>>> print(open('query34.csv').read())   # CSV, C-alpha atoms
chain,number,residue,atom,x,y,z
D,1,MET,CA,-24.6,-22.6,-29.0
D,2,ASN,CA,-24.9,-21.7,-32.7
D,3,GLY,CA,-22.2,-22.3,-35.3
D,4,TYR,CA,-21.2,-18.6,-35.5
D,5,ALA,CA,-20.6,-18.5,-31.8
D,6,GLN,CA,-18.5,-21.6,-31.9
D,7,GLU,CA,-16.4,-20.4,-34.7
D,8,SER,CA,-15.9,-16.8,-33.7
D,9,GLY,CA,-14.5,-17.2,-30.3
D,10,PHE,CA,-17.7,-16.0,-28.7
D,11,GLU,CA,-18.3,-19.5,-27.5
D,12,THR,CA,-16.5,-18.3,-24.3
D,13,TYR,CA,-19.6,-16.5,-23.1
D,14,GLY,CA,-21.9,-19.5,-23.7
D,15,GLY,CA,-19.4,-21.8,-22.2
D,16,THR,CA,-18.9,-19.7,-19.2
D,17,ALA,CA,-22.6,-19.3,-18.6
D,18,ALA,CA,-23.2,-23.1,-18.9
D,19,ILE,CA,-20.4,-23.8,-16.4
D,20,LEU,CA,-21.5,-21.1,-14.1
D,21,LYS,CA,-25.0,-22.5,-14.1
D,22,ALA,CA,-23.6,-25.9,-13.0
D,23,LEU,CA,-21.1,-24.5,-10.5
D,24,LYS,CA,-22.8,-21.4,-9.2
D,25,ILE,CA,-22.4,-22.2,-5.5
D,26,ARG,CA,-18.7,-22.9,-6.0
D,27,PHE,CA,-18.3,-19.7,-8.0
D,28,LEU,CA,-20.1,-17.7,-5.3
D,29,ILE,CA,-17.9,-19.1,-2.5
D,30,PHE,CA,-14.7,-18.2,-4.4
D,31,PHE,CA,-16.1,-14.8,-5.4
D,32,ILE,CA,-17.0,-13.8,-1.9
D,33,ALA,CA,-13.7,-15.1,-0.5
D,34,MET,CA,-11.7,-13.2,-3.1
D,35,PHE,CA,-13.8,-10.0,-2.8
D,36,VAL,CA,-13.3,-9.9,0.9
D,37,PHE,CA,-9.6,-10.6,0.5
D,38,TYR,CA,-9.0,-7.9,-2.2
D,39,TYR,CA,-11.2,-5.3,-0.5
D,40,ALA,CA,-9.5,-5.8,2.9
D,41,ILE,CA,-6.0,-5.5,1.3
D,42,PHE,CA,-6.9,-2.5,-0.8
D,43,SER,CA,-8.6,-0.7,2.1
D,44,TYR,CA,-5.8,-1.5,4.5
D,45,PHE,CA,-3.3,0.2,2.2
D,46,SER,CA,-5.7,3.0,1.2
D,47,PHE,CA,-5.0,1.9,-2.4
D,48,GLY,CA,-5.3,4.8,-4.9
D,49,LEU,CA,-6.0,7.5,-2.3
D,50,VAL,CA,-3.5,10.0,-3.6
D,51,LEU,CA,-4.3,9.1,-7.2
D,52,PHE,CA,-8.1,9.5,-7.0
D,53,GLY,CA,-8.7,11.6,-3.9
D,54,THR,CA,-10.6,11.0,-0.7
D,55,VAL,CA,-14.0,10.5,-2.3
D,56,TYR,CA,-13.3,8.6,-5.5
D,57,TYR,CA,-10.6,6.2,-4.2
D,58,PHE,CA,-13.4,4.3,-2.5
D,59,TYR,CA,-15.0,3.6,-5.8
D,60,TYR,CA,-11.7,2.6,-7.3
D,61,ILE,CA,-11.1,0.1,-4.5
D,62,LEU,CA,-14.7,-1.3,-4.9
D,63,ALA,CA,-14.5,-1.5,-8.7
D,64,SER,CA,-11.0,-3.1,-8.6
D,65,SER,CA,-12.0,-5.6,-6.0
D,66,LEU,CA,-15.2,-6.5,-7.8
D,67,ALA,CA,-13.5,-6.9,-11.2
D,68,LEU,CA,-10.7,-9.0,-9.9
D,69,SER,CA,-12.8,-11.2,-7.7
D,70,ILE,CA,-15.4,-11.9,-10.4
D,71,LEU,CA,-12.7,-12.7,-13.0
D,72,GLY,CA,-10.6,-14.6,-10.3
D,73,ALA,CA,-13.5,-16.7,-9.2
D,74,LEU,CA,-14.4,-17.5,-12.8
D,75,SER,CA,-10.8,-18.4,-13.5
D,76,ILE,CA,-10.6,-20.8,-10.6
D,77,VAL,CA,-14.0,-22.4,-11.1
D,78,ILE,CA,-13.6,-22.9,-14.9
D,79,GLY,CA,-9.9,-23.9,-14.4
D,80,LEU,CA,-10.9,-26.6,-11.9
D,81,TYR,CA,-13.8,-27.7,-14.2
D,82,SER,CA,-11.4,-27.9,-17.2
D,83,GLN,CA,-9.1,-30.2,-15.1
D,84,LYS,CA,-11.9,-32.6,-14.7
D,85,THR,CA,-13.1,-32.6,-18.2
D,86,ALA,CA,-10.0,-32.3,-20.3
D,87,ARG,CA,-6.3,-33.1,-20.3
D,88,GLY,CA,-3.7,-30.5,-21.1
D,89,ASN,CA,-1.0,-28.5,-19.5
D,90,ALA,CA,-1.3,-26.0,-16.7
D,91,ARG,CA,-0.8,-22.8,-18.6
D,92,GLY,CA,-4.2,-21.4,-17.6
D,93,ASN,CA,-3.4,-22.2,-13.9
D,94,LYS,CA,-0.1,-20.4,-14.1
D,95,THR,CA,-1.6,-17.4,-15.7
D,96,GLY,CA,-4.1,-17.1,-12.8
D,97,ILE,CA,-1.2,-17.1,-10.3
D,98,TYR,CA,0.6,-14.4,-12.3
D,99,ALA,CA,-2.6,-12.4,-12.3
D,100,PHE,CA,-2.9,-12.7,-8.6
D,101,VAL,CA,0.6,-11.5,-8.0
D,102,VAL,CA,0.3,-8.6,-10.5
D,103,SER,CA,-2.9,-7.5,-8.8
D,104,LEU,CA,-1.2,-7.2,-5.4
D,105,VAL,CA,2.0,-5.5,-6.6
D,106,PRO,CA,1.0,-1.9,-6.4
D,107,SER,CA,-1.0,-2.1,-3.1
D,108,THR,CA,1.6,-4.1,-1.2
D,109,MET,CA,4.8,-2.7,-2.7
D,110,CYS,CA,4.1,1.0,-2.5
D,111,CYS,CA,4.2,2.9,0.8
D,112,THR,CA,5.4,-0.2,2.7
D,113,PRO,CA,9.0,-1.1,3.8
D,114,VAL,CA,9.2,-3.9,1.2
D,115,ILE,CA,11.0,-1.8,-1.6
D,116,PRO,CA,13.3,0.1,0.9
D,117,SER,CA,14.2,-3.1,2.6
D,118,ILE,CA,15.2,-4.7,-0.7
D,119,LEU,CA,17.2,-1.6,-1.8
D,120,VAL,CA,19.0,-1.5,1.6
D,121,ALA,CA,19.8,-5.2,1.4
D,122,VAL,CA,21.3,-4.8,-2.1
D,123,PHE,CA,22.8,-1.3,-2.0
D,124,GLY,CA,23.0,-0.4,1.7
D,125,SER,CA,21.6,2.5,3.6
D,126,GLY,CA,21.5,6.1,2.2
D,127,GLY,CA,22.1,6.9,-1.4
D,128,ILE,CA,19.9,4.7,-3.5
D,129,ALA,CA,17.7,3.8,-0.5
D,130,LEU,CA,16.8,7.5,-0.4
D,131,ALA,CA,15.5,7.3,-4.0
D,132,SER,CA,13.2,4.3,-3.3
D,133,GLY,CA,10.3,6.6,-4.2
D,134,THR,CA,11.3,6.2,-7.8
D,135,ILE,CA,9.8,2.7,-7.7
D,136,GLN,CA,7.2,3.2,-5.1
D,137,GLY,CA,5.8,6.4,-6.5
D,138,ALA,CA,5.6,4.9,-9.9
D,139,LEU,CA,3.8,1.9,-8.6
D,140,SER,CA,1.4,4.2,-6.8
D,141,ASN,CA,0.7,6.3,-9.9
D,142,PHE,CA,0.4,3.5,-12.3
D,143,SER,CA,-1.6,1.2,-10.1
D,144,PRO,CA,-4.6,1.1,-12.5
D,145,VAL,CA,-2.3,-0.3,-15.2
D,146,PHE,CA,-1.5,-3.2,-12.9
D,147,ILE,CA,-5.2,-3.8,-12.1
D,148,VAL,CA,-6.0,-3.9,-15.9
D,149,MET,CA,-3.0,-6.2,-16.5
D,150,ALA,CA,-4.2,-8.6,-13.8
D,151,ALA,CA,-7.8,-8.5,-15.3
D,152,LEU,CA,-6.4,-9.2,-18.8
D,153,LEU,CA,-4.3,-12.1,-17.4
D,154,LEU,CA,-7.4,-13.6,-15.7
D,155,TYR,CA,-9.4,-13.2,-18.9
D,156,TYR,CA,-6.7,-15.1,-20.7
D,157,SER,CA,-6.7,-17.7,-18.1
D,158,ILE,CA,-10.4,-18.2,-18.4
D,159,HIS,CA,-10.1,-18.3,-22.2
D,160,VAL,CA,-7.4,-21.0,-22.1
D,161,SER,CA,-9.5,-23.1,-19.7
D,162,LEU,CA,-12.6,-22.8,-21.9
D,163,LYS,CA,-10.6,-23.8,-24.9
D,164,ARG,CA,-9.3,-26.8,-23.1
D,165,ILE,CA,-12.9,-27.8,-22.1
D,166,LYS,CA,-14.1,-27.4,-25.7
D,167,LYS,CA,-11.2,-29.3,-27.2
D,168,PRO,CA,-10.1,-32.0,-24.7
D,169,SER,CA,-7.1,-33.1,-26.8
D,170,CYS,CA,-5.7,-29.7,-27.6
D,171,GLU,CA,-2.3,-28.7,-26.1
D,172,CYS,CA,-3.5,-25.1,-25.3
B,1,MET,CA,-2.6,-31.3,-11.1
B,2,GLN,CA,-5.6,-30.0,-9.3
B,3,LYS,CA,-3.9,-30.5,-5.9
B,4,LYS,CA,-0.9,-28.7,-7.2
B,5,ARG,CA,-3.0,-25.7,-8.3
B,6,ILE,CA,-4.7,-25.5,-4.9
B,7,ILE,CA,-1.3,-25.6,-3.2
B,8,TYR,CA,-0.1,-22.7,-5.5
B,9,VAL,CA,-3.2,-20.6,-4.7
B,10,PHE,CA,-2.9,-21.2,-1.0
B,11,ALA,CA,0.8,-20.5,-1.0
B,12,ALA,CA,0.2,-17.2,-2.9
B,13,ILE,CA,-2.5,-16.2,-0.4
B,14,LEU,CA,-0.3,-17.1,2.6
B,15,ILE,CA,2.6,-15.1,1.2
B,16,ALA,CA,0.4,-12.1,0.6
B,17,ILE,CA,-1.0,-12.3,4.2
B,18,ALA,CA,2.5,-12.7,5.5
B,19,LEU,CA,3.7,-9.6,3.6
B,20,VAL,CA,0.7,-7.6,4.9
B,21,TYR,CA,1.4,-8.8,8.5
B,22,PHE,CA,5.2,-8.3,8.6
B,23,PHE,CA,5.3,-5.1,6.6
B,24,GLY,CA,2.0,-3.6,7.6
B,25,ILE,CA,0.4,-4.6,10.9
B,26,ASN,CA,3.7,-5.6,12.5
B,27,ARG,CA,5.1,-2.2,11.8
B,28,SER,CA,2.5,-0.6,14.0
B,29,SER,CA,3.8,-2.3,17.1
B,30,GLY,CA,5.7,0.7,18.1
B,31,ALA,CA,9.1,-0.8,17.9
B,32,SER,CA,11.7,1.4,16.3
B,33,GLN,CA,14.4,0.2,13.9
B,34,SER,CA,18.2,0.4,14.1
B,35,PHE,CA,18.3,2.8,11.2
B,36,MET,CA,16.8,5.5,13.3
B,37,PRO,CA,18.7,7.7,15.8
B,38,ALA,CA,18.3,6.1,19.2
B,39,VAL,CA,15.7,7.2,21.8
B,40,GLY,CA,17.4,9.1,24.5
B,41,ALA,CA,20.0,10.5,22.2
B,42,LYS,CA,20.2,14.2,21.2
B,43,ALA,CA,18.2,14.8,18.1
B,44,PRO,CA,20.8,15.2,15.3
B,45,ASP,CA,20.9,18.8,14.2
B,46,TYR,CA,20.3,19.2,10.5
B,47,SER,CA,18.3,21.7,8.5
B,48,PHE,CA,15.0,21.9,6.8
B,49,ILE,CA,13.0,24.6,5.0
B,50,TYR,CA,9.6,25.8,6.2
B,51,ALA,CA,7.2,25.5,3.3
B,52,SER,CA,5.1,28.5,4.3
B,53,ASN,CA,7.9,31.1,3.9
B,54,GLY,CA,11.0,29.4,2.7
B,55,THR,CA,12.9,30.0,6.0
B,56,VAL,CA,15.7,27.6,6.7
B,57,ALA,CA,15.7,26.2,10.2
B,58,ASN,CA,17.6,23.6,12.2
B,59,VAL,CA,16.3,20.9,14.5
B,60,SER,CA,18.1,22.5,17.4
B,61,SER,CA,16.0,25.7,16.8
B,62,LEU,CA,12.9,23.7,17.9
B,63,GLU,CA,14.2,23.2,21.5
B,64,GLY,CA,12.2,24.6,24.3
B,65,LYS,CA,8.9,22.8,23.4
B,66,PRO,CA,8.2,19.2,22.6
B,67,VAL,CA,8.0,18.6,18.9
B,68,LEU,CA,6.8,15.8,16.6
B,69,LEU,CA,8.9,15.5,13.5
B,70,TRP,CA,6.9,13.5,10.9
B,71,PHE,CA,8.6,12.5,7.7
B,72,VAL,CA,6.4,11.9,4.6
B,73,ALA,CA,6.4,11.6,0.8
B,74,THR,CA,3.5,13.5,-0.9
B,75,TRP,CA,2.7,10.6,-3.3
B,76,CYS,CA,2.3,8.2,-0.4
B,77,SER,CA,-1.3,7.0,0.3
B,78,GLY,CA,-0.4,6.0,3.9
B,79,CYS,CA,1.0,9.5,4.5
B,80,ALA,CA,-2.3,10.9,3.2
B,81,VAL,CA,-4.2,8.8,5.7
B,82,GLY,CA,-1.8,10.0,8.4
B,83,ASN,CA,-2.8,13.5,7.4
B,84,GLU,CA,-6.4,12.7,7.8
B,85,MET,CA,-5.6,11.2,11.2
B,86,LEU,CA,-3.6,14.3,12.2
B,87,ASN,CA,-6.4,16.5,11.0
B,88,ASN,CA,-8.6,14.8,13.7
B,89,ASN,CA,-6.0,14.9,16.4
B,90,ILE,CA,-4.2,18.3,16.0
B,91,SER,CA,-6.1,19.8,18.9
B,92,TYR,CA,-4.8,17.0,21.1
B,93,PHE,CA,-1.2,18.0,20.3
B,94,LYS,CA,-2.1,21.6,20.8
B,95,ASN,CA,-3.5,20.9,24.2
B,96,LYS,CA,-0.4,18.9,25.1
B,97,GLY,CA,1.8,21.8,24.0
B,98,ILE,CA,3.4,19.8,21.3
B,99,ASN,CA,4.5,21.4,18.0
B,100,VAL,CA,4.0,19.2,14.9
B,101,ILE,CA,6.3,19.6,11.9
B,102,GLU,CA,5.4,17.5,8.8
B,103,ILE,CA,8.5,17.2,6.7
B,104,GLU,CA,8.6,16.2,3.1
B,105,LEU,CA,11.5,13.8,2.7
B,106,TYR,CA,14.4,14.9,0.5
B,107,ARG,CA,13.2,15.2,-3.1
B,108,ASP,CA,10.2,13.2,-2.1
B,109,LEU,CA,12.4,10.1,-2.1
B,110,GLY,CA,13.1,10.5,-5.8
B,111,TYR,CA,9.5,10.7,-7.1
B,112,SER,CA,7.9,14.0,-7.5
B,113,GLY,CA,4.5,14.3,-5.8
B,114,ALA,CA,2.3,17.4,-4.9
B,115,PRO,CA,4.0,20.3,-3.1
B,116,ILE,CA,3.8,19.6,0.7
B,117,ASN,CA,1.4,22.6,1.2
B,118,THR,CA,-1.0,21.2,-1.3
B,119,PHE,CA,-0.7,17.7,0.2
B,120,VAL,CA,-1.5,19.1,3.7
B,121,ASN,CA,-4.4,21.2,2.4
B,122,ASP,CA,-5.9,18.2,0.6
B,123,TYR,CA,-5.8,15.8,3.4
B,124,ALA,CA,-5.6,17.8,6.6
B,125,PRO,CA,-7.2,21.2,5.9
B,126,ASN,CA,-7.8,22.0,9.5
B,127,VAL,CA,-4.2,21.7,10.7
B,128,THR,CA,-3.0,24.9,8.9
B,129,SER,CA,-5.2,27.0,11.2
B,130,TYR,CA,-3.4,25.7,14.3
B,131,SER,CA,-0.3,27.6,15.4
B,132,ASN,CA,1.5,24.4,16.5
B,133,PHE,CA,1.5,22.9,13.0
B,134,ARG,CA,4.0,23.7,10.2
B,135,SER,CA,5.0,21.9,7.1
B,136,ALA,CA,8.6,21.8,5.8
B,137,ILE,CA,10.9,20.3,3.2
B,138,SER,CA,13.9,18.2,4.3
B,139,GLY,CA,17.5,18.9,3.4
B,140,TYR,CA,19.6,15.9,2.3
B,141,ASN,CA,21.4,15.4,5.5
B,142,LEU,CA,18.2,15.6,7.6
B,143,SER,CA,16.6,12.8,5.5
B,144,LEU,CA,19.9,10.8,5.5
B,145,THR,CA,20.3,11.0,9.2
B,146,TYR,CA,16.7,10.5,10.4
B,147,ASP,CA,15.6,8.1,7.6
B,148,LYS,CA,18.7,6.6,6.0
B,149,ASP,CA,16.8,3.5,4.8
B,150,GLY,CA,14.2,5.6,2.9
B,151,TYR,CA,11.1,4.4,4.8
B,152,LEU,CA,7.9,6.3,4.4
B,153,ASP,CA,5.8,7.8,7.2
B,154,ILE,CA,8.1,7.6,10.2
B,155,TYR,CA,8.2,10.0,13.1
B,156,TYR,CA,10.1,11.2,16.2
B,157,LEU,CA,8.9,12.9,19.3
B,158,ILE,CA,11.6,15.2,20.6
B,159,GLY,CA,11.5,16.6,24.1
B,160,PRO,CA,12.0,20.3,25.0
B,161,ASN,CA,15.7,19.5,25.9
B,162,GLY,CA,16.3,18.3,22.3
B,163,LYS,CA,16.5,14.6,23.1
B,164,ILE,CA,14.4,12.0,21.3
B,165,VAL,CA,11.8,10.6,23.7
B,166,TYR,CA,9.9,8.4,21.3
B,167,GLU,CA,10.1,7.2,17.7
B,168,ASN,CA,8.2,4.9,15.4
B,169,ASP,CA,8.8,3.6,11.9
B,170,GLY,CA,5.2,2.5,11.7
B,171,SER,CA,2.8,4.8,9.9
B,172,LEU,CA,1.4,7.7,11.9
B,173,ALA,CA,-2.2,6.7,11.0
B,174,ALA,CA,-1.6,3.1,12.3
B,175,THR,CA,0.3,4.1,15.4
B,176,MET,CA,-1.5,7.3,16.6
B,177,LYS,CA,-2.9,5.4,19.5
B,178,ASN,CA,0.6,4.3,20.6
B,179,LEU,CA,1.9,7.8,20.2
B,180,LYS,CA,-0.9,9.3,22.3
B,181,SER,CA,-0.5,6.7,24.9
B,182,ARG,CA,3.3,7.4,25.1
B,183,ILE,CA,2.6,11.2,25.2
B,184,ASN,CA,0.1,10.7,28.0
B,185,SER,CA,2.6,8.6,30.0
B,186,LEU,CA,5.3,11.3,29.5
B,187,SER,CA,3.0,14.2,30.4
B,188,GLY,CA,5.0,15.2,33.4
B,189,SER,CA,8.4,15.2,31.6
B,190,LEU,CA,7.4,16.7,28.3
>>> encode(input="query34.csv", output="structure tokens")
Amino acid sequence: MNGYAQESGFETYGGTAAILKALKIRFLIFFIAMFVFYYAIFSYFSFGLVLFGTVYYFYYILASSLALSILGALSIVIGLYSQKTARGNARGNKTGIYAFVVSLVPSTMCCTPVIPSILVAVFGSGGIALASGTIQGALSNFSPVFIVMAALLLYYSIHVSLKRIKKPSCEC
Amino acid sequence: MQKKRIIYVFAAILIAIALVYFFGINRSSGASQSFMPAVGAKAPDYSFIYASNGTVANVSSLEGKPVLLWFVATWCSGCAVGNEMLNNNISYFKNKGINVIEIELYRDLGYSGAPINTFVNDYAPNVTSYSNFRSAISGYNLSLTYDKDGYLDIYYLIGPNGKIVYENDGSLAATMKNLKSRINSLSGSL
């Protein structure tokens, strides 16, 4: 890794590549597990069907599952590696969890009884329950925003873990 | 710390699986919920508007033939899948003498989607050529009475005498098999 790369923040790519080379089997296992999980969940809920149409929603599911599983597997592998090689707090870990939750919000909260059940529990039947589409419809329409948010959180999680590996004593 | 992280990840995965099971797969069991008018009771008589010509009609006007009332929202992916499923099964309902009315819930449950006609044409283009299919828009009281908890994708099978003979709060796509099995078992009485 050259000096420019180390100083400019591009060390993340070199660092990621080196760690991946050492831990490729572990990465592959996590990647496959996460891809199967995301693809199954997104397919089951026909995630993005109304937004992208009958043909293109398949590509949306595939691209989202691929992106999230690659970043998620990287986050886990590099996070675990950073735990071994450095001391520091668990911010990266928590970011990964947040990303996981964010990635599942639109697919599991829209078009399921989750939101109506919460509204009925809080406000009772009728009235506000009959406007549950305000939340569910928005989740459905803005689902790509949630996927991008989850991807950014995972990227941040990876970035924090790499920084911890590079600077074992830092409180990052 | 590493153990704690693994526990967090597994807990999150378990919660996600539990959510999917309880709110997804478990819904397709065929069990109806207490928020729905009871099976065996007279179908409550409220009005809706046929999307094709704007005619106002009442549930009671459907008596004389069995009818499937299916409540949807047009921004709902599960309802779109239900339309695809209905597209493949509309001839079954025709052969059984069952009318199908796909009803957009009141104001699309508060979030504006495509008009019901467009929604049907996009995901179930064949059904519009069948005389036993019509799409409609729900009045407030119809949605409030048949779906007071605001669930998506629920349906009722109403007999020719106007009594509810079967209902399901699971999605039509996921429970089509259950519905057909019920219709087959009721063949003589429908």
>>> closest_residue(input="query34.csv", among="D:Phe42, D:Phe123, D:Phe31, D:Tyr56", to="Cys110 (chain D)", atoms="only C-alpha atoms")
D:Phe42
>>> atom_distance(input="query34.csv", atom1="CA of Lys42 (chain B)", atom2="CA of Ser60 (chain B)")
9.4 Å
>>> interface_residues(input="query34.csv", of="chain D", to="chain B", cutoff="8 Å", atoms="all atoms listed in the file", output="ChimeraX atom specification")
/D:41,45-50,54,80,83,90,93,97,100-101,104,108,110-114,116-117,120,124-126,129-134,137-138,140
>>> residues_around(input="query34.csv", residues="Leu139 (chain D)", least_positions_apart="6", cutoff="8 Å", atoms="all atoms listed in the file", output="list in words")
Val105, Pro106, Met109 and Cys110 of chain D
>>> residues_around(input="query34.csv", residues="Lys180 (chain B)", least_positions_apart="5", cutoff="12 Å", atoms="all atoms listed in the file", output="PDB file with C-alpha atoms, in the coordinates of the input")
ATOM      1  CA  GLY B  30       5.700   0.700  18.100  1.00  0.00           C
ATOM      2  CA  LEU B  68       6.800  15.800  16.600  1.00  0.00           C
ATOM      3  CA  LEU B  86      -3.600  14.300  12.200  1.00  0.00           C
ATOM      4  CA  ASN B  89      -6.000  14.900  16.400  1.00  0.00           C
ATOM      5  CA  ILE B  90      -4.200  18.300  16.000  1.00  0.00           C
ATOM      6  CA  TYR B  92      -4.800  17.000  21.100  1.00  0.00           C
ATOM      7  CA  PHE B  93      -1.200  18.000  20.300  1.00  0.00           C
ATOM      8  CA  LYS B  96      -0.400  18.900  25.100  1.00  0.00           C
ATOM      9  CA  ILE B  98       3.400  19.800  21.300  1.00  0.00           C
ATOM     10  CA  LEU B 157       8.900  12.900  19.300  1.00  0.00           C
ATOM     11  CA  TYR B 166       9.900   8.400  21.300  1.00  0.00           C
ATOM     12  CA  LEU B 172       1.400   7.700  11.900  1.00  0.00           C
ATOM     13  CA  ALA B 173      -2.200   6.700  11.000  1.00  0.00           C
ATOM     14  CA  ALA B 174      -1.600   3.100  12.300  1.00  0.00           C
ATOM     15  CA  THR B 175       0.300   4.100  15.400  1.00  0.00           C
ATOM     16  CA  SER B 185       2.600   8.600  30.000  1.00  0.00           C
ATOM     17  CA  LEU B 186       5.300  11.300  29.500  1.00  0.00           C
ATOM     18  CA  SER B 187       3.000  14.200  30.400  1.00  0.00           C
TER      19      SER B 187
END
>>> atom_distance(input="query34.csv", atom1="CA of Glu63 (chain B)", atom2="CA of Ile116 (chain B)")
23.5 Å
>>> atom_distance(input="query34.csv", atom1="CA of Asn83 (chain B)", atom2="CA of Tyr155 (chain B)")
12.9 Å
>>> closest_residue(input="query34.csv", among="D:Ser161, D:Ser143, D:Ser103, D:Ser69", to="Ile19 (chain D)", atoms="all atoms listed in the file")
D:Ser161
>>> closest_residue(input="query34.csv", among="D:Ala151, D:Ala22, D:Gln136, D:Phe142", to="Val77 (chain D)", atoms="only C-alpha atoms")
D:Ala22
>>> closest_residue(input="query34.csv", among="B:Asn132, B:Asn161, B:Ser138, B:Thr118", to="Ala43 (chain B)", atoms="all atoms listed in the file")
B:Asn161
>>> residues_near_point(input="query34.csv", point="(13.9, 17.8, 26.6)", cutoff="8 Å", atoms="only C-alpha atoms", output="list in words")
Glu63, Gly64, Lys65, Pro66, Ile158, Gly159, Pro160, Asn161, Gly162, Lys163, Ile164, Ser189 and Leu190 of chain B
>>> closest_residue(input="query34.csv", among="D:Ala17, D:Leu162, D:Leu68, D:Ala33", to="Met149 (chain D)", atoms="all atoms listed in the file")
D:Leu68
>>> decode(input="query34.csv", residues="region 41-82 of chain B", atoms="C-alpha atoms", output="PDB file, in the first residue's frame")
ATOM      1  CA  ALA B  41     -73.563 -14.462   9.195  1.00  0.00           C
ATOM      2  CA  LYS B  42     -75.402 -12.429   6.592  1.00  0.00           C
ATOM      3  CA  ALA B  43     -72.898 -10.367   4.609  1.00  0.00           C
ATOM      4  CA  PRO B  44     -73.230  -6.769   5.855  1.00  0.00           C
ATOM      5  CA  ASP B  45     -74.941  -4.661   3.240  1.00  0.00           C
ATOM      6  CA  TYR B  46     -72.877  -1.636   2.280  1.00  0.00           C
ATOM      7  CA  SER B  47     -72.159   0.059  -0.995  1.00  0.00           C
ATOM      8  CA  PHE B  48     -69.357   0.180  -3.512  1.00  0.00           C
ATOM      9  CA  ILE B  49     -68.877   1.711  -6.948  1.00  0.00           C
ATOM     10  CA  TYR B  50     -68.188  -0.367 -10.055  1.00  0.00           C
ATOM     11  CA  ALA B  51     -64.998   0.996 -11.628  1.00  0.00           C
ATOM     12  CA  SER B  52     -66.114   0.299 -15.182  1.00  0.00           C
ATOM     13  CA  ASN B  53     -69.166   2.583 -15.229  1.00  0.00           C
ATOM     14  CA  GLY B  54     -69.377   4.350 -11.866  1.00  0.00           C
ATOM     15  CA  THR B  55     -72.579   2.560 -10.872  1.00  0.00           C
ATOM     16  CA  VAL B  56     -73.209   2.375  -7.142  1.00  0.00           C
ATOM     17  CA  ALA B  57     -74.193  -1.078  -5.911  1.00  0.00           C
ATOM     18  CA  ASN B  58     -74.809  -2.816  -2.601  1.00  0.00           C
ATOM     19  CA  VAL B  59     -73.514  -6.167  -1.402  1.00  0.00           C
ATOM     20  CA  SER B  60     -77.113  -7.382  -1.218  1.00  0.00           C
ATOM     21  CA  SER B  61     -77.474  -6.784  -4.958  1.00  0.00           C
ATOM     22  CA  LEU B  62     -74.993  -9.637  -5.527  1.00  0.00           C
ATOM     23  CA  GLU B  63     -77.338 -12.257  -4.054  1.00  0.00           C
ATOM     24  CA  GLY B  64     -78.439 -15.082  -6.331  1.00  0.00           C
ATOM     25  CA  LYS B  65     -74.934 -16.218  -7.270  1.00  0.00           C
ATOM     26  CA  PRO B  66     -71.888 -16.958  -5.130  1.00  0.00           C
ATOM     27  CA  VAL B  67     -69.436 -14.085  -5.109  1.00  0.00           C
ATOM     28  CA  LEU B  68     -65.852 -13.579  -4.033  1.00  0.00           C
ATOM     29  CA  LEU B  69     -65.287 -10.134  -2.531  1.00  0.00           C
ATOM     30  CA  TRP B  70     -61.567  -9.383  -2.538  1.00  0.00           C
ATOM     31  CA  PHE B  71     -60.296  -6.219  -0.838  1.00  0.00           C
ATOM     32  CA  VAL B  72     -57.023  -4.745  -2.106  1.00  0.00           C
ATOM     33  CA  ALA B  73     -54.886  -1.613  -2.178  1.00  0.00           C
ATOM     34  CA  THR B  74     -53.390  -0.747  -5.539  1.00  0.00           C
ATOM     35  CA  TRP B  75     -49.905   0.072  -4.182  1.00  0.00           C
ATOM     36  CA  CYS B  76     -49.645  -3.336  -2.516  1.00  0.00           C
ATOM     37  CA  SER B  77     -47.187  -5.841  -3.993  1.00  0.00           C
ATOM     38  CA  GLY B  78     -48.971  -8.793  -2.415  1.00  0.00           C
ATOM     39  CA  CYS B  79     -52.222  -7.683  -4.056  1.00  0.00           C
ATOM     40  CA  ALA B  80     -50.418  -7.465  -7.410  1.00  0.00           C
ATOM     41  CA  VAL B  81     -49.265 -11.061  -6.960  1.00  0.00           C
ATOM     42  CA  GLY B  82     -52.850 -11.960  -6.063  1.00  0.00           C
TER      43      GLY B  82
END
